[in-house]
file target_25.tsv (TSV, C-alpha atoms)
chain	number	residue	atom	x	y	z
A	222	ASN	CA	-61.08	78.45	75.51
A	223	GLN	CA	-64.28	78.21	73.47
A	224	TRP	CA	-67.15	80.65	73.02
A	225	PHE	CA	-70.62	79.79	74.29
A	226	HIS	CA	-73.91	81.70	74.36
A	227	VAL	CA	-75.98	81.28	77.51
A	228	THR	CA	-79.56	82.46	78.02
A	229	ALA	CA	-81.62	82.45	81.20
A	230	VAL	CA	-85.34	83.18	80.97
A	231	ILE	CA	-87.38	83.69	84.15
A	232	ASN	CA	-91.14	84.06	83.86
A	233	ARG	CA	-92.29	85.25	87.27
A	234	THR	CA	-95.98	85.14	86.31
A	235	ALA	CA	-95.83	81.48	85.28
A	236	GLY	CA	-93.15	80.56	87.81
A	237	THR	CA	-90.92	79.00	85.14
A	238	LEU	CA	-87.23	79.02	84.29
A	239	GLN	CA	-85.61	78.12	80.96
A	240	LEU	CA	-81.86	77.83	80.41
A	241	LEU	CA	-80.33	77.66	76.94
A	242	VAL	CA	-76.72	77.09	75.88
A	243	HIS	CA	-75.50	77.42	72.28
A	244	ASN	CA	-72.03	76.85	70.87
A	245	LEU	CA	-70.22	79.17	68.48
A	246	ASN	CA	-71.89	77.47	65.51
A	247	GLY	CA	-75.30	78.35	66.90
A	248	THR	CA	-76.13	74.75	67.80
A	249	LEU	CA	-78.34	74.34	70.85
A	250	ILE	CA	-76.39	72.07	73.21
A	251	ASN	CA	-78.52	72.42	76.34
A	252	ASN	CA	-82.17	73.28	76.95
A	253	THR	CA	-83.20	72.93	80.58
A	254	SER	CA	-86.48	73.93	82.20
A	255	GLY	CA	-87.29	74.42	85.86
A	256	ALA	CA	-89.51	76.23	88.31
A	257	VAL	CA	-89.09	79.46	90.25
A	258	ARG	CA	-91.40	81.13	92.68
A	259	ALA	CA	-93.91	83.55	91.18
A	260	THR	CA	-93.43	86.21	93.87
A	261	ASP	CA	-90.80	88.93	93.75
A	262	THR	CA	-87.41	88.56	95.40
A	263	VAL	CA	-85.92	91.00	97.87
A	264	SER	CA	-85.73	94.61	96.70
A	265	HIS	CA	-82.36	96.33	97.10
A	266	THR	CA	-80.12	98.97	95.55
A	267	PHE	CA	-76.99	96.89	94.96
A	268	PRO	CA	-75.52	97.00	91.43
A	269	LEU	CA	-75.37	94.13	88.97
A	270	GLU	CA	-71.96	92.48	89.20
A	271	ILE	CA	-70.28	91.29	86.00
A	272	GLY	CA	-67.21	89.11	86.41
A	273	ARG	CA	-67.48	88.60	90.18
A	274	THR	CA	-69.95	87.85	92.98
A	275	LEU	CA	-71.12	89.63	96.09
A	276	GLU	CA	-71.11	86.34	98.02
A	277	VAL	CA	-68.24	86.07	100.49
A	278	ALA	CA	-66.45	82.71	100.17
A	279	ALA	CA	-63.12	81.53	98.82
A	280	ASP	CA	-64.73	79.30	96.19
A	281	TYR	CA	-66.79	82.14	94.66
A	282	THR	CA	-63.94	83.48	92.57
A	283	PRO	CA	-63.82	86.30	90.02
A	284	PHE	CA	-64.24	85.13	86.44
A	285	LYS	CA	-61.24	84.41	84.21
A	286	GLY	CA	-61.90	84.71	80.50
A	287	ALA	CA	-63.83	86.91	78.10
A	288	MET	CA	-67.42	88.07	77.78
A	289	ASP	CA	-69.31	89.84	75.04
A	290	ASP	CA	-72.72	91.22	74.16
A	291	LEU	CA	-74.54	91.11	77.50
A	292	ARG	CA	-78.26	91.71	77.08
A	293	ILE	CA	-80.93	91.99	79.77
A	294	TRP	CA	-84.60	92.11	78.78
A	295	ASN	CA	-87.64	92.82	80.93
A	296	THR	CA	-89.60	90.34	78.82
A	297	THR	CA	-89.46	86.58	78.37
A	298	ARG	CA	-87.70	85.72	75.11
A	299	THR	CA	-88.49	82.57	73.15
A	300	LEU	CA	-85.94	80.16	71.73
A	301	ALA	CA	-86.72	81.42	68.23
A	302	GLN	CA	-86.15	85.03	69.29
A	303	VAL	CA	-82.85	84.19	70.96
A	304	GLU	CA	-81.55	82.21	67.98
A	305	GLY	CA	-82.77	84.85	65.52
A	306	ALA	CA	-80.60	87.59	67.08
A	307	MET	CA	-77.73	85.93	68.92
A	308	PHE	CA	-75.20	86.65	66.17
A	309	SER	CA	-76.48	90.16	65.42
A	310	ARG	CA	-75.65	93.49	67.01
A	311	LEU	CA	-78.81	95.12	68.30
A	312	ALA	CA	-79.77	98.74	67.72
A	313	GLY	CA	-80.50	99.26	71.42
A	314	ASN	CA	-84.10	100.38	70.95
A	315	GLU	CA	-85.68	96.95	70.75
A	316	ALA	CA	-88.88	96.50	72.78
A	317	GLY	CA	-88.18	95.15	76.24
A	318	LEU	CA	-84.41	95.65	76.11
A	319	ALA	CA	-83.51	97.06	79.53
A	320	GLY	CA	-79.72	96.92	79.32
A	321	TYR	CA	-77.27	96.15	76.52
A	322	TRP	CA	-73.51	96.19	76.96
A	323	LYS	CA	-71.50	95.59	73.76
A	324	PHE	CA	-68.08	96.01	75.45
A	325	ASP	CA	-66.79	97.97	72.43
A	326	GLU	CA	-65.06	100.75	74.39
A	327	VAL	CA	-61.37	101.14	73.60
A	328	SER	CA	-60.35	103.47	76.45
A	329	GLY	CA	-61.50	104.80	79.79
A	330	ARG	CA	-63.41	103.10	82.60
A	331	ALA	CA	-66.97	103.52	81.33
A	332	VAL	CA	-68.88	100.48	80.03
A	333	LEU	CA	-71.72	101.95	78.02
A	334	ASP	CA	-75.29	100.74	77.88
A	335	ALA	CA	-76.50	100.92	74.26
A	336	THR	CA	-80.13	101.42	75.30
A	337	ALA	CA	-81.78	104.74	76.10
A	338	ASN	CA	-81.91	103.67	79.75
A	339	ALA	CA	-78.25	104.66	80.16
A	340	ASN	CA	-77.38	101.88	82.60
A	341	ASN	CA	-73.71	102.64	82.09
A	342	GLY	CA	-71.31	100.48	84.06
A	343	SER	CA	-67.73	101.00	85.08
A	344	LEU	CA	-64.56	98.97	85.29
A	345	GLY	CA	-63.72	98.07	88.86
A	346	GLY	CA	-60.79	96.60	90.73
A	347	GLN	CA	-57.55	97.00	88.80
A	348	PRO	CA	-59.17	97.89	85.48
A	349	ALA	CA	-57.59	97.36	82.11
A	350	PRO	CA	-59.12	99.04	79.04
A	351	LEU	CA	-61.54	96.85	77.13
A	352	PRO	CA	-59.78	95.51	74.03
A	353	GLY	CA	-62.17	96.86	71.44
A	354	ASN	CA	-64.94	94.27	71.20
A	355	VAL	CA	-64.93	91.98	74.25
A	356	ALA	CA	-64.50	92.31	78.00
A	357	GLN	CA	-61.47	90.46	79.40
A	358	PHE	CA	-61.27	89.34	83.03
A	359	ASP	CA	-58.10	88.11	84.76
A	360	GLY	CA	-59.81	86.06	87.47
A	361	VAL	CA	-58.21	88.19	90.18
A	362	SER	CA	-59.13	91.84	90.25
A	363	GLN	CA	-61.04	92.78	87.11
A	364	TYR	CA	-64.81	93.17	87.10
A	365	ILE	CA	-67.60	95.46	85.89
A	366	ILE	CA	-70.47	96.93	87.90
A	367	SER	CA	-73.64	98.43	86.48
A	368	PRO	CA	-76.30	100.56	88.14
A	369	ASN	CA	-79.20	98.90	89.94
A	370	LEU	CA	-81.74	97.83	87.29
A	371	ARG	CA	-84.76	97.04	89.48
A	372	SER	CA	-86.88	99.96	88.26
A	373	PHE	CA	-86.95	98.58	84.72
A	374	PHE	CA	-88.71	95.35	85.72
A	375	ALA	CA	-92.42	95.43	86.50
A	376	ASN	CA	-92.67	91.89	87.89
A	377	GLU	CA	-89.07	90.59	87.70
A	378	SER	CA	-89.64	88.52	84.58
A	379	VAL	CA	-86.31	88.69	82.80
A	380	THR	CA	-84.20	87.29	79.99
A	381	LEU	CA	-80.43	87.47	80.27
A	382	GLU	CA	-78.15	86.63	77.35
A	383	LEU	CA	-74.38	86.72	77.01
A	384	TRP	CA	-71.44	85.23	75.15
A	385	PHE	CA	-68.55	83.92	77.25
A	386	ASN	CA	-65.19	82.27	76.67
A	387	PRO	CA	-63.82	80.77	79.91
A	388	LEU	CA	-60.10	80.45	80.59
A	389	GLY	CA	-60.70	79.46	84.21
A	390	PRO	CA	-63.39	79.36	86.88
A	391	GLY	CA	-65.39	82.24	88.30
A	392	VAL	CA	-68.72	84.04	88.42
A	393	LEU	CA	-69.95	85.59	85.18
A	394	VAL	CA	-72.95	87.60	86.39
A	395	ASP	CA	-74.32	88.07	89.89
A	396	GLU	CA	-77.45	89.70	91.28
A	397	LEU	CA	-77.86	89.96	95.02
A	398	GLY	CA	-80.73	87.83	96.29
A	399	SER	CA	-80.47	88.56	100.01
A	400	THR	CA	-79.64	91.60	102.07
A	401	ASN	CA	-77.11	89.47	103.99
A	402	ILE	CA	-74.15	89.15	101.63
A	403	SER	CA	-71.87	87.30	104.05
A	404	ASN	CA	-73.78	84.03	104.09
A	405	ARG	CA	-73.23	80.64	102.43
A	406	LEU	CA	-76.87	79.96	101.54
A	407	TRP	CA	-76.62	80.70	97.81
A	408	ASN	CA	-79.02	83.61	97.98
A	409	ASP	CA	-77.60	85.28	94.88
A	410	SER	CA	-78.78	84.65	91.34
A	411	GLN	CA	-75.64	83.98	89.35
A	412	ILE	CA	-73.98	82.18	86.46
A	413	GLU	CA	-70.68	80.58	87.38
A	414	VAL	CA	-67.97	78.29	86.05
A	415	LEU	CA	-66.49	75.88	88.61
A	416	ALA	CA	-62.86	74.78	88.73
A	417	GLY	CA	-63.85	71.47	87.10
A	418	GLY	CA	-65.47	73.27	84.17
A	419	GLN	CA	-69.10	72.79	85.21
A	420	VAL	CA	-71.33	75.72	84.31
A	421	LEU	CA	-73.93	76.30	87.04
A	422	ILE	CA	-76.87	78.67	87.08
A	423	ARG	CA	-78.50	79.56	90.38
A	424	VAL	CA	-81.69	81.52	90.98
A	425	TRP	CA	-81.94	82.92	94.48
A	426	ASN	CA	-81.99	80.04	96.99
A	427	LEU	CA	-82.95	77.28	94.55
A	428	ALA	CA	-80.62	74.38	93.82
A	429	ALA	CA	-77.97	75.05	91.21
A	430	ILE	CA	-78.63	73.75	87.69
A	431	ASN	CA	-75.70	72.27	85.76
A	432	VAL	CA	-76.03	73.25	82.08
A	433	GLY	CA	-72.84	71.54	80.90
A	434	THR	CA	-69.08	71.43	81.21
A	435	VAL	CA	-66.50	73.55	79.41
A	436	THR	CA	-62.96	72.36	78.77
call {"tool": "encode", "arguments": {"input": "target_25.tsv", "output": "structure tokens"}}
result
Amino acid sequence: NQWFHVTAVINRTAGTLQLLVHNLNGTLINNTSGAVRATDTVSHTFPLEIGRTLEVAADYTPFKGAMDDLRIWNTTRTLAQVEGAMFSRLAGNEAGLAGYWKFDEVSGRAVLDATANANNGSLGGQPAPLPGNVAQFDGVSQYIISPNLRSFFANESVTLELWFNPLGPGVLVDELGSTNISNRLWNDSQIEVLAGGQVLIRVWNLAAINVGTVT
């Protein structure tokens, strides 16, 4: 029941991964680097899943808690850039901003993208209206799906940022990494909270990286 800001930066050209976690005071509490392959992943037309995963297994549960201010860039953001804007609302026209969901809707099922790309999502499952400034997930049937974003990324370098407040386990964001969604080989790229509070970030079929534990 605490807010955290998580950032994942993938530089496909350099083959590097950087994971950042800040607390609500803006203090950097985790900075982890790793390697990813420099070649593109599988191309597909599946949507981005927010609050659940496409993987089929009992332990990949929908997320329980709240999320806010989800940003996806088609550029690699630096630590200084992340920290300089993490507490600010963006205009939506910033260079490299491919998708920006503020979760400010007060009615309806649409989840609007604040950029000109119009990657508007929708509430799925048993949707409840967003409560004004955050997205709430019950860990059972509530999730958000956005359109497929592949066309906005020239080489799959990406920066993803979001605020989250976990009340239980579940997958925060999921991108399909394999055309076979019924496997147990961790082919998706996803951010997840385990039942024990560990926050794991996975990129395609690489080993999961533990960026800390929430209580």
call {"tool": "residues_near_point", "arguments": {"input": "target_25.tsv", "point": "(-81.6, 81.9, 80.1)", "cutoff": "7 Å", "atoms": "all atoms listed in the file", "output": "list in words"}}
result
Val227, Thr228, Ala229, Val230, Gln239, Leu240, Leu241, Thr380, Leu381 and Glu382 of chain A
call {"tool": "write_last_selection", "arguments": {"input": "target_25.tsv", "atoms": "C-alpha atoms", "output": "PDB file, in the frame of the given file"}}
result
ATOM      1  CA  VAL A 227     -75.980  81.280  77.510  1.00  0.00           C
ATOM      2  CA  THR A 228     -79.560  82.460  78.020  1.00  0.00           C
ATOM      3  CA  ALA A 229     -81.620  82.450  81.200  1.00  0.00           C
ATOM      4  CA  VAL A 230     -85.340  83.180  80.970  1.00  0.00           C
ATOM      5  CA  GLN A 239     -85.610  78.120  80.960  1.00  0.00           C
ATOM      6  CA  LEU A 240     -81.860  77.830  80.410  1.00  0.00           C
ATOM      7  CA  LEU A 241     -80.330  77.660  76.940  1.00  0.00           C
ATOM      8  CA  THR A 380     -84.200  87.290  79.990  1.00  0.00           C
ATOM      9  CA  LEU A 381     -80.430  87.470  80.270  1.00  0.00           C
ATOM     10  CA  GLU A 382     -78.150  86.630  77.350  1.00  0.00           C
TER      11      GLU A 382
END
call {"tool": "residues_around", "arguments": {"input": "target_25.tsv", "residues": "Ile250 (chain A)", "least_positions_apart": "5", "cutoff": "12 Å", "atoms": "only C-alpha atoms", "output": "ChimeraX atom specification"}}
result
/A:225-228,240-245,432-435
call {"tool": "closest_residue", "arguments": {"input": "target_25.tsv", "among": "A:Leu300, A:Leu311, A:Val420, A:Ile365", "to": "Gly345 (chain A)", "atoms": "all atoms listed in the file"}}
result
A:Ile365
call {"tool": "axis_aligned_box", "arguments": {"input": "target_25.tsv", "around": "region 279-294 of chain A", "padding_each_side": "3 Å", "output": "AutoDock Vina command-line options"}}
result
--center_x -72.9 --center_y 85.7 --center_z 86.5 --size_x 29.4 --size_y 18.8 --size_z 30.7
call {"tool": "atom_distance", "arguments": {"input": "target_25.tsv", "atom1": "CA of Val392 (chain A)", "atom2": "CA of Glu315 (chain A)"}}
result
27.7 Å
call {"tool": "atom_distance", "arguments": {"input": "target_25.tsv", "atom1": "CA of Asn252 (chain A)", "atom2": "CA of Val424 (chain A)"}}
result
16.3 Å
call {"tool": "closest_residue", "arguments": {"input": "target_25.tsv", "among": "A:Glu413, A:Glu377, A:Asp359, A:Glu270", "to": "Gly286 (chain A)", "atoms": "all atoms listed in the file"}}
result
A:Asp359
call {"tool": "closest_residue", "arguments": {"input": "target_25.tsv", "among": "A:Trp294, A:Phe358, A:Trp322, A:Phe267", "to": "Pro390 (chain A)", "atoms": "all atoms listed in the file"}}
result
A:Phe358
call {"tool": "decode", "arguments": {"input": "target_25.tsv", "residues": "region 347-391 of chain A", "atoms": "N, CA and C atoms", "output": "PDB file, in the first residue's frame"}}
result
ATOM      1  N   GLN A 347     -14.671  -6.995 -16.197  1.00  0.00           N
ATOM      2  CA  GLN A 347     -15.831  -6.396 -15.543  1.00  0.00           C
ATOM      3  C   GLN A 347     -15.435  -4.982 -15.161  1.00  0.00           C
ATOM      4  N   PRO A 348     -15.491  -4.037 -16.101  1.00  0.00           N
ATOM      5  CA  PRO A 348     -14.895  -2.728 -15.864  1.00  0.00           C
ATOM      6  C   PRO A 348     -15.660  -1.891 -14.854  1.00  0.00           C
ATOM      7  N   ALA A 349     -14.901  -1.151 -14.086  1.00  0.00           N
ATOM      8  CA  ALA A 349     -15.458  -0.124 -13.206  1.00  0.00           C
ATOM      9  C   ALA A 349     -14.885   1.205 -13.676  1.00  0.00           C
ATOM     10  N   PRO A 350     -15.647   2.288 -13.643  1.00  0.00           N
ATOM     11  CA  PRO A 350     -15.118   3.573 -14.107  1.00  0.00           C
ATOM     12  C   PRO A 350     -13.859   3.950 -13.352  1.00  0.00           C
ATOM     13  N   LEU A 351     -12.902   4.557 -14.062  1.00  0.00           N
ATOM     14  CA  LEU A 351     -11.702   5.020 -13.390  1.00  0.00           C
ATOM     15  C   LEU A 351     -12.074   6.133 -12.417  1.00  0.00           C
ATOM     16  N   PRO A 352     -11.459   6.145 -11.237  1.00  0.00           N
ATOM     17  CA  PRO A 352     -11.902   7.058 -10.172  1.00  0.00           C
ATOM     18  C   PRO A 352     -11.308   8.446 -10.256  1.00  0.00           C
ATOM     19  N   GLY A 353     -11.119   8.974 -11.455  1.00  0.00           N
ATOM     20  CA  GLY A 353     -10.735  10.369 -11.569  1.00  0.00           C
ATOM     21  C   GLY A 353      -9.274  10.610 -11.869  1.00  0.00           C
ATOM     22  N   ASN A 354      -8.355   9.930 -11.178  1.00  0.00           N
ATOM     23  CA  ASN A 354      -6.942  10.215 -11.450  1.00  0.00           C
ATOM     24  C   ASN A 354      -6.012   9.012 -11.331  1.00  0.00           C
ATOM     25  N   VAL A 355      -6.539   7.840 -11.070  1.00  0.00           N
ATOM     26  CA  VAL A 355      -5.731   6.618 -11.081  1.00  0.00           C
ATOM     27  C   VAL A 355      -6.576   5.482 -11.647  1.00  0.00           C
ATOM     28  N   ALA A 356      -5.892   4.408 -12.059  1.00  0.00           N
ATOM     29  CA  ALA A 356      -6.597   3.211 -12.495  1.00  0.00           C
ATOM     30  C   ALA A 356      -6.558   2.186 -11.371  1.00  0.00           C
ATOM     31  N   GLN A 357      -7.715   1.681 -10.977  1.00  0.00           N
ATOM     32  CA  GLN A 357      -7.818   0.701  -9.900  1.00  0.00           C
ATOM     33  C   GLN A 357      -8.075  -0.678 -10.500  1.00  0.00           C
ATOM     34  N   PHE A 358      -7.412  -1.687  -9.938  1.00  0.00           N
ATOM     35  CA  PHE A 358      -7.560  -3.061 -10.417  1.00  0.00           C
ATOM     36  C   PHE A 358      -7.875  -3.965  -9.231  1.00  0.00           C
ATOM     37  N   ASP A 359      -8.850  -4.860  -9.402  1.00  0.00           N
ATOM     38  CA  ASP A 359      -9.309  -5.685  -8.285  1.00  0.00           C
ATOM     39  C   ASP A 359      -8.577  -7.013  -8.159  1.00  0.00           C
ATOM     40  N   GLY A 360      -7.658  -7.307  -9.078  1.00  0.00           N
ATOM     41  CA  GLY A 360      -6.926  -8.555  -9.016  1.00  0.00           C
ATOM     42  C   GLY A 360      -7.712  -9.757  -9.515  1.00  0.00           C
ATOM     43  N   VAL A 361      -8.895  -9.516 -10.051  1.00  0.00           N
ATOM     44  CA  VAL A 361      -9.754 -10.606 -10.514  1.00  0.00           C
ATOM     45  C   VAL A 361     -10.144 -10.413 -11.975  1.00  0.00           C
ATOM     46  N   SER A 362     -10.827  -9.335 -12.263  1.00  0.00           N
ATOM     47  CA  SER A 362     -11.425  -9.224 -13.591  1.00  0.00           C
ATOM     48  C   SER A 362     -11.198  -7.877 -14.254  1.00  0.00           C
ATOM     49  N   GLN A 363     -10.478  -6.979 -13.629  1.00  0.00           N
ATOM     50  CA  GLN A 363     -10.311  -5.648 -14.200  1.00  0.00           C
ATOM     51  C   GLN A 363      -8.945  -5.513 -14.867  1.00  0.00           C
ATOM     52  N   TYR A 364      -8.951  -4.988 -16.077  1.00  0.00           N
ATOM     53  CA  TYR A 364      -7.712  -4.768 -16.809  1.00  0.00           C
ATOM     54  C   TYR A 364      -7.969  -3.728 -17.893  1.00  0.00           C
ATOM     55  N   ILE A 365      -6.887  -3.293 -18.550  1.00  0.00           N
ATOM     56  CA  ILE A 365      -6.972  -2.325 -19.634  1.00  0.00           C
ATOM     57  C   ILE A 365      -6.171  -2.880 -20.807  1.00  0.00           C
ATOM     58  N   ILE A 366      -6.679  -2.733 -22.008  1.00  0.00           N
ATOM     59  CA  ILE A 366      -5.926  -3.103 -23.201  1.00  0.00           C
ATOM     60  C   ILE A 366      -5.778  -1.875 -24.088  1.00  0.00           C
ATOM     61  N   SER A 367      -4.616  -1.759 -24.702  1.00  0.00           N
ATOM     62  CA  SER A 367      -4.370  -0.663 -25.638  1.00  0.00           C
ATOM     63  C   SER A 367      -4.157  -1.248 -27.029  1.00  0.00           C
ATOM     64  N   PRO A 368      -4.183  -0.419 -28.054  1.00  0.00           N
ATOM     65  CA  PRO A 368      -3.879  -0.935 -29.391  1.00  0.00           C
ATOM     66  C   PRO A 368      -2.442  -1.439 -29.466  1.00  0.00           C
ATOM     67  N   ASN A 369      -2.128  -2.167 -30.517  1.00  0.00           N
ATOM     68  CA  ASN A 369      -0.763  -2.600 -30.776  1.00  0.00           C
ATOM     69  C   ASN A 369       0.087  -1.376 -31.116  1.00  0.00           C
ATOM     70  N   LEU A 370       1.263  -1.249 -30.470  1.00  0.00           N
ATOM     71  CA  LEU A 370       2.082  -0.049 -30.607  1.00  0.00           C
ATOM     72  C   LEU A 370       3.312  -0.247 -31.485  1.00  0.00           C
ATOM     73  N   ARG A 371       3.444  -1.405 -32.115  1.00  0.00           N
ATOM     74  CA  ARG A 371       4.686  -1.757 -32.802  1.00  0.00           C
ATOM     75  C   ARG A 371       5.094  -0.727 -33.846  1.00  0.00           C
ATOM     76  N   SER A 372       4.164  -0.114 -34.539  1.00  0.00           N
ATOM     77  CA  SER A 372       4.507   0.790 -35.635  1.00  0.00           C
ATOM     78  C   SER A 372       5.196   2.064 -35.168  1.00  0.00           C
ATOM     79  N   PHE A 373       5.167   2.350 -33.881  1.00  0.00           N
ATOM     80  CA  PHE A 373       5.767   3.574 -33.363  1.00  0.00           C
ATOM     81  C   PHE A 373       7.221   3.378 -32.931  1.00  0.00           C
ATOM     82  N   PHE A 374       7.760   2.164 -33.128  1.00  0.00           N
ATOM     83  CA  PHE A 374       9.104   1.867 -32.655  1.00  0.00           C
ATOM     84  C   PHE A 374       9.959   1.388 -33.818  1.00  0.00           C
ATOM     85  N   ALA A 375      10.956   2.203 -34.180  1.00  0.00           N
ATOM     86  CA  ALA A 375      11.790   1.895 -35.334  1.00  0.00           C
ATOM     87  C   ALA A 375      12.669   0.678 -35.085  1.00  0.00           C
ATOM     88  N   ASN A 376      13.250   0.561 -33.898  1.00  0.00           N
ATOM     89  CA  ASN A 376      14.154  -0.565 -33.632  1.00  0.00           C
ATOM     90  C   ASN A 376      13.880  -1.230 -32.284  1.00  0.00           C
ATOM     91  N   GLU A 377      12.728  -0.954 -31.689  1.00  0.00           N
ATOM     92  CA  GLU A 377      12.285  -1.537 -30.429  1.00  0.00           C
ATOM     93  C   GLU A 377      13.052  -1.028 -29.209  1.00  0.00           C
ATOM     94  N   SER A 378      13.846   0.029 -29.356  1.00  0.00           N
ATOM     95  CA  SER A 378      14.324   0.712 -28.163  1.00  0.00           C
ATOM     96  C   SER A 378      13.132   1.386 -27.500  1.00  0.00           C
ATOM     97  N   VAL A 379      13.057   1.301 -26.183  1.00  0.00           N
ATOM     98  CA  VAL A 379      11.846   1.757 -25.506  1.00  0.00           C
ATOM     99  C   VAL A 379      12.158   2.153 -24.075  1.00  0.00           C
ATOM    100  N   THR A 380      11.408   3.122 -23.583  1.00  0.00           N
ATOM    101  CA  THR A 380      11.398   3.446 -22.156  1.00  0.00           C
ATOM    102  C   THR A 380       9.961   3.389 -21.680  1.00  0.00           C
ATOM    103  N   LEU A 381       9.726   2.624 -20.623  1.00  0.00           N
ATOM    104  CA  LEU A 381       8.399   2.522 -20.033  1.00  0.00           C
ATOM    105  C   LEU A 381       8.473   3.039 -18.608  1.00  0.00           C
ATOM    106  N   GLU A 382       7.540   3.921 -18.252  1.00  0.00           N
ATOM    107  CA  GLU A 382       7.473   4.465 -16.908  1.00  0.00           C
ATOM    108  C   GLU A 382       6.048   4.348 -16.373  1.00  0.00           C
ATOM    109  N   LEU A 383       5.905   4.052 -15.095  1.00  0.00           N
ATOM    110  CA  LEU A 383       4.582   4.081 -14.482  1.00  0.00           C
ATOM    111  C   LEU A 383       4.704   4.171 -12.967  1.00  0.00           C
ATOM    112  N   TRP A 384       3.658   4.714 -12.364  1.00  0.00           N
ATOM    113  CA  TRP A 384       3.487   4.699 -10.912  1.00  0.00           C
ATOM    114  C   TRP A 384       2.554   3.540 -10.554  1.00  0.00           C
ATOM    115  N   PHE A 385       2.859   2.826  -9.468  1.00  0.00           N
ATOM    116  CA  PHE A 385       1.964   1.758  -9.046  1.00  0.00           C
ATOM    117  C   PHE A 385       1.924   1.664  -7.526  1.00  0.00           C
ATOM    118  N   ASN A 386       0.773   1.233  -7.037  1.00  0.00           N
ATOM    119  CA  ASN A 386       0.531   1.061  -5.602  1.00  0.00           C
ATOM    120  C   ASN A 386      -0.098  -0.319  -5.423  1.00  0.00           C
ATOM    121  N   PRO A 387       0.707  -1.332  -5.052  1.00  0.00           N
ATOM    122  CA  PRO A 387       0.185  -2.696  -4.992  1.00  0.00           C
ATOM    123  C   PRO A 387      -0.581  -2.988  -3.703  1.00  0.00           C
ATOM    124  N   LEU A 388      -1.720  -3.634  -3.858  1.00  0.00           N
ATOM    125  CA  LEU A 388      -2.477  -4.151  -2.718  1.00  0.00           C
ATOM    126  C   LEU A 388      -2.456  -5.679  -2.703  1.00  0.00           C
ATOM    127  N   GLY A 389      -1.795  -6.252  -3.693  1.00  0.00           N
ATOM    128  CA  GLY A 389      -1.699  -7.697  -3.822  1.00  0.00           C
ATOM    129  C   GLY A 389      -0.833  -8.010  -5.015  1.00  0.00           C
ATOM    130  N   PRO A 390      -0.678  -9.276  -5.360  1.00  0.00           N
ATOM    131  CA  PRO A 390       0.174  -9.661  -6.481  1.00  0.00           C
ATOM    132  C   PRO A 390      -0.508  -9.429  -7.820  1.00  0.00           C
ATOM    133  N   GLY A 391       0.266  -9.639  -8.885  1.00  0.00           N
ATOM    134  CA  GLY A 391      -0.296  -9.576 -10.231  1.00  0.00           C
ATOM    135  C   GLY A 391       0.625  -8.895 -11.209  1.00  0.00           C
TER     136      GLY A 391
END
